[in-house]
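One file, target-v5.cif, carrying mmCIF, C-alpha atoms:
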data_entry
#
loop_
_atom_site.label_atom_id
_atom_site.label_comp_id
_atom_site.auth_asym_id
_atom_site.auth_seq_id
_atom_site.Cartn_x
_atom_site.Cartn_y
_atom_site.Cartn_z
CA MET M 161 -25.05 51.92 51.49
CA SER M 162 -28.29 51.38 49.56
CA GLU M 163 -31.42 50.44 51.48
CA VAL M 164 -32.48 46.81 51.14
CA THR M 165 -36.25 46.63 50.71
CA PRO M 166 -38.55 43.65 50.10
CA ALA M 167 -38.67 44.69 46.44
CA THR M 168 -34.90 44.60 46.01
CA ARG M 169 -34.74 41.24 47.76
CA LEU M 170 -37.21 39.82 45.24
CA ARG M 171 -35.67 41.72 42.32
CA PRO M 172 -31.98 42.11 43.21
CA TRP M 173 -31.21 43.88 39.93
CA HIS M 174 -33.08 46.88 41.37
CA ASP M 175 -30.41 47.17 44.08
CA GLU M 176 -27.93 49.77 42.82
CA GLN M 177 -25.23 48.75 45.27
CA LEU M 178 -25.60 45.11 44.27
CA ARG M 179 -25.26 46.00 40.58
CA GLN M 180 -22.00 47.77 41.40
CA VAL M 181 -20.80 44.78 43.40
CA ILE M 182 -21.58 42.38 40.56
CA ALA M 183 -19.82 44.60 38.01
CA ALA M 184 -16.72 44.80 40.19
CA CYS M 185 -16.71 41.05 40.80
CA VAL M 186 -17.00 40.14 37.13
CA THR M 187 -14.32 42.67 36.19
CA LEU M 188 -11.99 41.18 38.77
CA GLY M 189 -12.71 37.69 37.46
CA PHE M 190 -11.84 38.74 33.93
CA ALA M 191 -8.55 40.29 35.09
CA VAL M 192 -7.60 37.11 36.91
CA GLY M 193 -8.47 35.11 33.80
CA VAL M 194 -6.00 37.12 31.75
CA TYR M 195 -3.38 36.28 34.35
CA GLY M 196 -4.38 32.61 34.08
CA ILE M 197 -3.00 32.59 30.54
CA SER M 198 0.48 32.90 32.07
CA PHE M 199 -0.11 29.81 34.16
CA GLY M 200 -1.23 27.80 31.15
CA VAL M 201 1.89 28.77 29.23
CA ALA M 202 4.16 28.15 32.23
CA SER M 203 2.65 24.73 32.90
CA ILE M 204 3.15 23.60 29.29
CA GLY M 205 6.69 24.97 29.41
CA ALA M 206 7.28 22.83 32.52
CA GLY M 207 6.34 19.69 30.57
CA ALA M 208 2.68 19.21 31.49
CA THR M 209 0.07 18.27 28.91
CA ILE M 210 -2.95 20.41 28.10
CA ALA M 211 -5.19 18.02 30.05
CA GLN M 212 -2.90 18.06 33.08
CA THR M 213 -2.65 21.84 33.00
CA CYS M 214 -6.41 22.29 32.87
CA ALA M 215 -6.95 19.69 35.59
CA ILE M 216 -4.67 21.60 37.96
CA SER M 217 -6.69 24.79 37.56
CA LEU M 218 -10.01 22.99 37.81
CA LEU M 219 -9.13 21.04 40.96
CA VAL M 220 -6.52 23.10 42.80
CA PHE M 221 -7.79 26.59 41.91
CA THR M 222 -5.33 28.71 43.84
CA GLY M 223 -2.88 30.58 41.64
CA ALA M 224 0.11 30.94 43.96
CA SER M 225 0.13 27.23 44.78
CA GLN M 226 -0.23 26.29 41.13
CA PHE M 227 2.68 28.48 40.07
CA SER M 228 4.79 27.15 42.94
CA ALA M 229 4.15 23.50 42.07
CA VAL M 230 4.82 24.04 38.37
CA GLY M 231 8.03 25.92 39.17
CA VAL M 232 9.39 23.11 41.32
CA LEU M 233 8.55 20.45 38.74
CA ALA M 234 9.99 22.55 35.91
CA ASN M 235 13.33 22.63 37.70
CA GLY M 236 13.44 18.88 38.28
CA GLY M 237 11.95 18.81 41.76
CA SER M 238 10.00 15.84 43.04
CA PRO M 239 6.18 15.77 43.18
CA LEU M 240 6.46 15.64 46.98
CA ALA M 241 8.51 18.84 47.07
CA ALA M 242 6.06 20.49 44.66
CA PHE M 243 3.13 19.47 46.85
CA GLY M 244 4.84 20.67 50.01
CA GLY M 245 5.49 24.16 48.72
CA ALA M 246 2.02 24.43 47.20
CA ALA M 247 0.38 23.26 50.43
CA VAL M 248 2.22 25.86 52.49
CA LEU M 249 1.03 28.63 50.19
CA ALA M 250 -2.52 27.27 50.17
CA ALA M 251 -2.68 27.18 53.97
CA ARG M 252 -3.79 30.82 54.00
CA ASN M 253 -7.07 29.75 52.39
CA GLY M 254 -7.87 27.86 55.57
CA VAL M 255 -7.60 31.11 57.50
CA TYR M 256 -9.88 32.75 54.96
CA GLY M 257 -12.35 29.94 55.57
CA PHE M 258 -12.65 30.86 59.24
CA ALA M 259 -13.25 34.49 58.28
CA MET M 260 -15.93 33.59 55.73
CA ALA M 261 -17.74 31.04 57.92
CA SER M 262 -19.63 33.79 59.74
CA ARG M 263 -20.72 35.46 56.49
CA LEU M 264 -21.84 32.41 54.53
CA ASP M 265 -24.62 29.97 55.31
CA GLY M 266 -26.41 27.04 53.73
CA SER M 267 -26.25 23.26 53.52
CA LEU M 268 -23.14 21.12 53.82
CA ALA M 269 -22.93 20.83 50.02
CA ARG M 270 -23.16 24.60 49.67
CA ARG M 271 -20.40 25.09 52.25
CA MET M 272 -18.20 22.51 50.53
CA LEU M 273 -18.58 24.43 47.28
CA ALA M 274 -17.76 27.63 49.13
CA ALA M 275 -14.58 26.01 50.45
CA GLN M 276 -13.40 25.42 46.89
CA LEU M 277 -14.03 29.07 46.05
CA THR M 278 -12.44 30.54 49.19
CA ILE M 279 -9.41 32.36 47.82
CA ASP M 280 -7.82 35.82 48.09
CA GLU M 281 -10.24 37.49 45.69
CA THR M 282 -13.51 36.10 47.08
CA THR M 283 -12.47 36.84 50.65
CA ALA M 284 -11.41 40.39 49.84
CA MET M 285 -14.59 41.21 47.90
CA ALA M 286 -16.86 39.73 50.57
CA ALA M 287 -15.04 41.44 53.42
CA ALA M 288 -15.35 44.80 51.67
CA GLN M 289 -19.16 44.76 51.86
CA ASP M 290 -21.17 46.54 54.54
CA ASP M 291 -23.73 43.84 55.22
CA ARG M 292 -24.12 40.07 55.15
CA ARG M 293 -26.39 39.99 52.09
CA HIS M 294 -24.05 41.91 49.83
CA ALA M 295 -21.09 39.99 51.24
CA GLN M 296 -22.68 36.72 50.15
CA TRP M 297 -23.42 38.05 46.69
CA ALA M 298 -19.86 39.35 46.38
CA PHE M 299 -18.40 36.00 47.46
CA TRP M 300 -20.41 33.87 45.07
CA ILE M 301 -20.23 36.18 42.05
CA THR M 302 -16.48 36.66 42.51
CA GLY M 303 -15.96 32.93 43.03
CA ALA M 304 -17.92 32.00 39.91
CA SER M 305 -16.30 34.71 37.79
CA VAL M 306 -12.75 33.93 38.86
CA TYR M 307 -13.28 30.18 38.49
CA VAL M 308 -14.66 30.48 34.96
CA PHE M 309 -12.20 33.08 33.68
CA TRP M 310 -9.18 31.47 35.39
CA ASN M 311 -9.90 28.12 33.78
CA VAL M 312 -10.62 29.66 30.38
CA GLY M 313 -7.36 31.60 30.66
CA THR M 314 -5.51 28.43 31.63
CA LEU M 315 -6.87 26.62 28.56
CA VAL M 316 -5.92 29.49 26.25
CA GLY M 317 -2.42 29.61 27.72
CA ALA M 318 -2.04 25.84 27.44
CA LEU M 319 -3.08 25.90 23.79
CA ILE M 320 -0.65 28.72 23.06
CA GLY M 321 2.16 26.98 24.90
CA SER M 322 1.56 23.68 23.12
CA ALA M 323 1.52 25.29 19.68
CA ILE M 324 5.04 26.72 19.93
CA ASP M 325 8.37 25.86 21.50
CA PRO M 326 8.33 27.60 24.92
CA GLU M 327 12.12 27.84 25.12
CA THR M 328 12.47 29.34 21.65
CA PHE M 329 10.11 32.18 22.53
CA GLY M 330 11.32 32.54 26.11
CA LEU M 331 8.06 31.27 27.56
CA ASP M 332 10.00 29.13 30.04
CA ALA M 333 10.45 32.43 31.89
CA ALA M 334 6.68 32.87 32.25
CA PHE M 335 6.59 31.20 35.66
CA PRO M 336 9.20 33.32 37.44
CA ALA M 337 7.99 36.52 35.76
CA ALA M 338 4.35 35.89 36.70
CA PHE M 339 5.26 34.86 40.23
CA VAL M 340 7.31 38.02 40.78
CA ALA M 341 4.46 40.12 39.38
CA MET M 342 2.07 38.49 41.83
CA LEU M 343 4.32 39.04 44.85
CA TRP M 344 5.66 42.49 44.05
CA PRO M 345 2.67 44.50 45.39
CA LEU M 346 2.99 42.75 48.77
CA LEU M 347 6.48 44.16 49.27
CA ALA M 348 5.02 47.58 50.00
CA GLU M 349 4.59 46.47 53.64
CA ARG M 350 7.75 46.19 55.73
CA ARG M 351 6.84 42.89 57.36
CA HIS M 352 6.20 41.33 53.96
CA LEU M 353 9.51 42.68 52.74
CA ARG M 354 11.31 41.17 55.75
CA ALA M 355 9.60 37.82 55.19
CA ALA M 356 10.60 37.85 51.51
CA ALA M 357 14.19 38.76 52.39
CA VAL M 358 14.50 35.91 54.89
CA GLY M 359 13.01 33.45 52.42
CA ALA M 360 15.32 34.62 49.64
CA VAL M 361 18.44 34.26 51.81
CA VAL M 362 17.45 30.78 52.99
CA CYS M 363 16.73 29.70 49.41
CA LEU M 364 20.02 31.06 48.05
CA VAL M 365 22.08 29.47 50.83
CA LEU M 366 20.53 26.03 50.42
CA THR M 367 20.33 25.88 46.60
CA PRO M 368 23.93 24.66 46.01
CA PHE M 369 23.70 21.92 48.64
CA THR M 370 20.18 20.48 48.64
CA PRO M 371 17.89 18.72 46.11
CA VAL M 372 15.63 20.78 43.86
CA GLY M 373 12.50 21.87 45.71
CA VAL M 374 13.99 21.72 49.19
CA PRO M 375 15.22 25.35 49.17
CA ILE M 376 11.71 26.54 48.30
CA LEU M 377 10.20 24.57 51.16
CA ALA M 378 12.85 25.82 53.58
CA ALA M 379 12.32 29.39 52.38
CA THR M 380 8.86 29.32 53.94
CA ALA M 381 10.69 30.06 57.20
CA GLY M 382 10.25 33.65 56.10
CA ILE M 383 6.56 33.31 56.90
CA ALA M 384 7.45 33.12 60.60
CA MET M 385 9.21 36.46 60.32
CA GLY M 386 6.15 38.02 58.73
CA LEU M 387 3.85 36.64 61.43
CA ARG M 388 6.14 37.79 64.22
CA ASP M 389 6.38 41.29 62.86
CA GLY M 390 2.64 41.46 62.25
CA GLY M 391 1.93 42.53 65.80
CA ASP M 392 4.49 45.32 65.72
CA GLU M 393 2.95 47.41 62.98
#
The structure in this file should be written as structure tokens.
Amino acid sequence: MSEVTPATRLRPWHDEQLRQVIAACVTLGFAVGVYGISFGVASIGAGATIAQTCAISLLVFTGASQFSAVGVLANGGSPLAAFGGAAVLAARNGVYGFAMASRLDGSLARRMLAAQLTIDETTAMAAAQDDRRHAQWAFWITGASVYVFWNVGTLVGALIGSAIDPETFGLDAAFPAAFVAMLWPLLAERRHLRAAAVGAVVCLVLTPFTPVGVPILAATAGIAMGLRDGGDE
């Protein structure tokens, strides 16, 4: 860990560790932005307009929830079902908020802004730092980078999706493909694999008998399995 001196506090660009943190944060933001193109295409394929697609990314700003909501609506589900599934997935950000509360400070307005930026990436980058100062830099730089690149990616994807017929080019498959790509790395842990298996079984059993969107909501029962097994490993 690099030593923080009065000079580096006044001129943070002299802090070698901080320069590395900033580079990593911006790189991560760019990577997430590329992924945001998939959401833009998927949202247009689900029937949303460019304005609606961009508004979702600007206001919701949590990828898993956005993909979930678009997927439910694309398959004829109700807005209530789409909101329910998205809210369940977004609940983890509340947990992240508790973790970040001890690392971030500032006014109420600053904390409200931080709440909007509290996602997987900002929490992970902040938690990886050795001290409070670098954790704050990592949080804010990651949050700003991901927010900008994610929304730019969403706009690019929406423009692409609106310029062509999504079904003709198979872009209607963008949602499930992107969602699987996002979840696949998590299956390396056994408890995550068990949770996914329970959710998949519940969803498959209920699909023939319940309205669109309900199986996805019910599949969140798998979360309980993951939580229960969390203390065993």
Which value, in Å to one decimal, gives the distance between CA of Val181 (chain M) and CA of Ala259 (chain M)?
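Separating CA of Val181 (chain M) from CA of Ala259 (chain M) is a distance of 19.6 Å.
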Expanded to explicit residues, what is the PyMOL selection byres ((chain M and resi 230) around 10) for this file, as an MDAnalysis selection string? chainID M and resid 199 202:208 213 216 225:229 231:235 237 239 242:243 246 335
Between M:Gln212, M:Ala323, M:Cys363, M:Ala298, smallest distance to Arg179 (chain M) by only C-alpha atoms belongs to M:Ala298
- Task: Given the file shown, determine the residues that the PyMOL selection byres ((chain M and resi 186) around 9) selects; report them as number ranges by chain.
- Result: M: 181-185, 187-191, 301-302, 304-306
| request: With the file shown as input, list the residues that the PyMOL selection byres ((chain M and resi 311-320) around 6) selects, as a PyMOL selection string. | output: chain M and resi 193-194+196-197+200-201+204+210+217+308-310+321-323
Pick from M:Tyr256, M:Phe369, M:Trp344, M:Tyr195 nearest to Asp280 (chain M), counting all atoms listed in the file =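 For Asp280 (chain M), the nearest of the given residues is M:Tyr256.
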In Å and to one decimal, CA of Met285 (chain M) is distant from CA of Val220 (chain M) by 20.5 Å
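Straight-line separation from CA of Gln296 (chain M) to CA of Ile279 (chain M): 14.2 Å.
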message: (-12.6, 27.0, 51.2) in this file's frame - what residues fall within 7 Å of it? Use all atoms listed in the file and give the answer as number ranges by chain.
response: M: 253-254, 257, 274-278
Restricting to all atoms listed in the file, whichever of M:Ala295, M:Leu347, M:Ala287, M:Ala379 is closest to Val361 (chain M) is M:Ala379
From the list M:Arg263, M:Arg252, M:Arg270, M:Arg354, the nearest residue to Asp291 (chain M) using only C-alpha atoms is M:Arg263
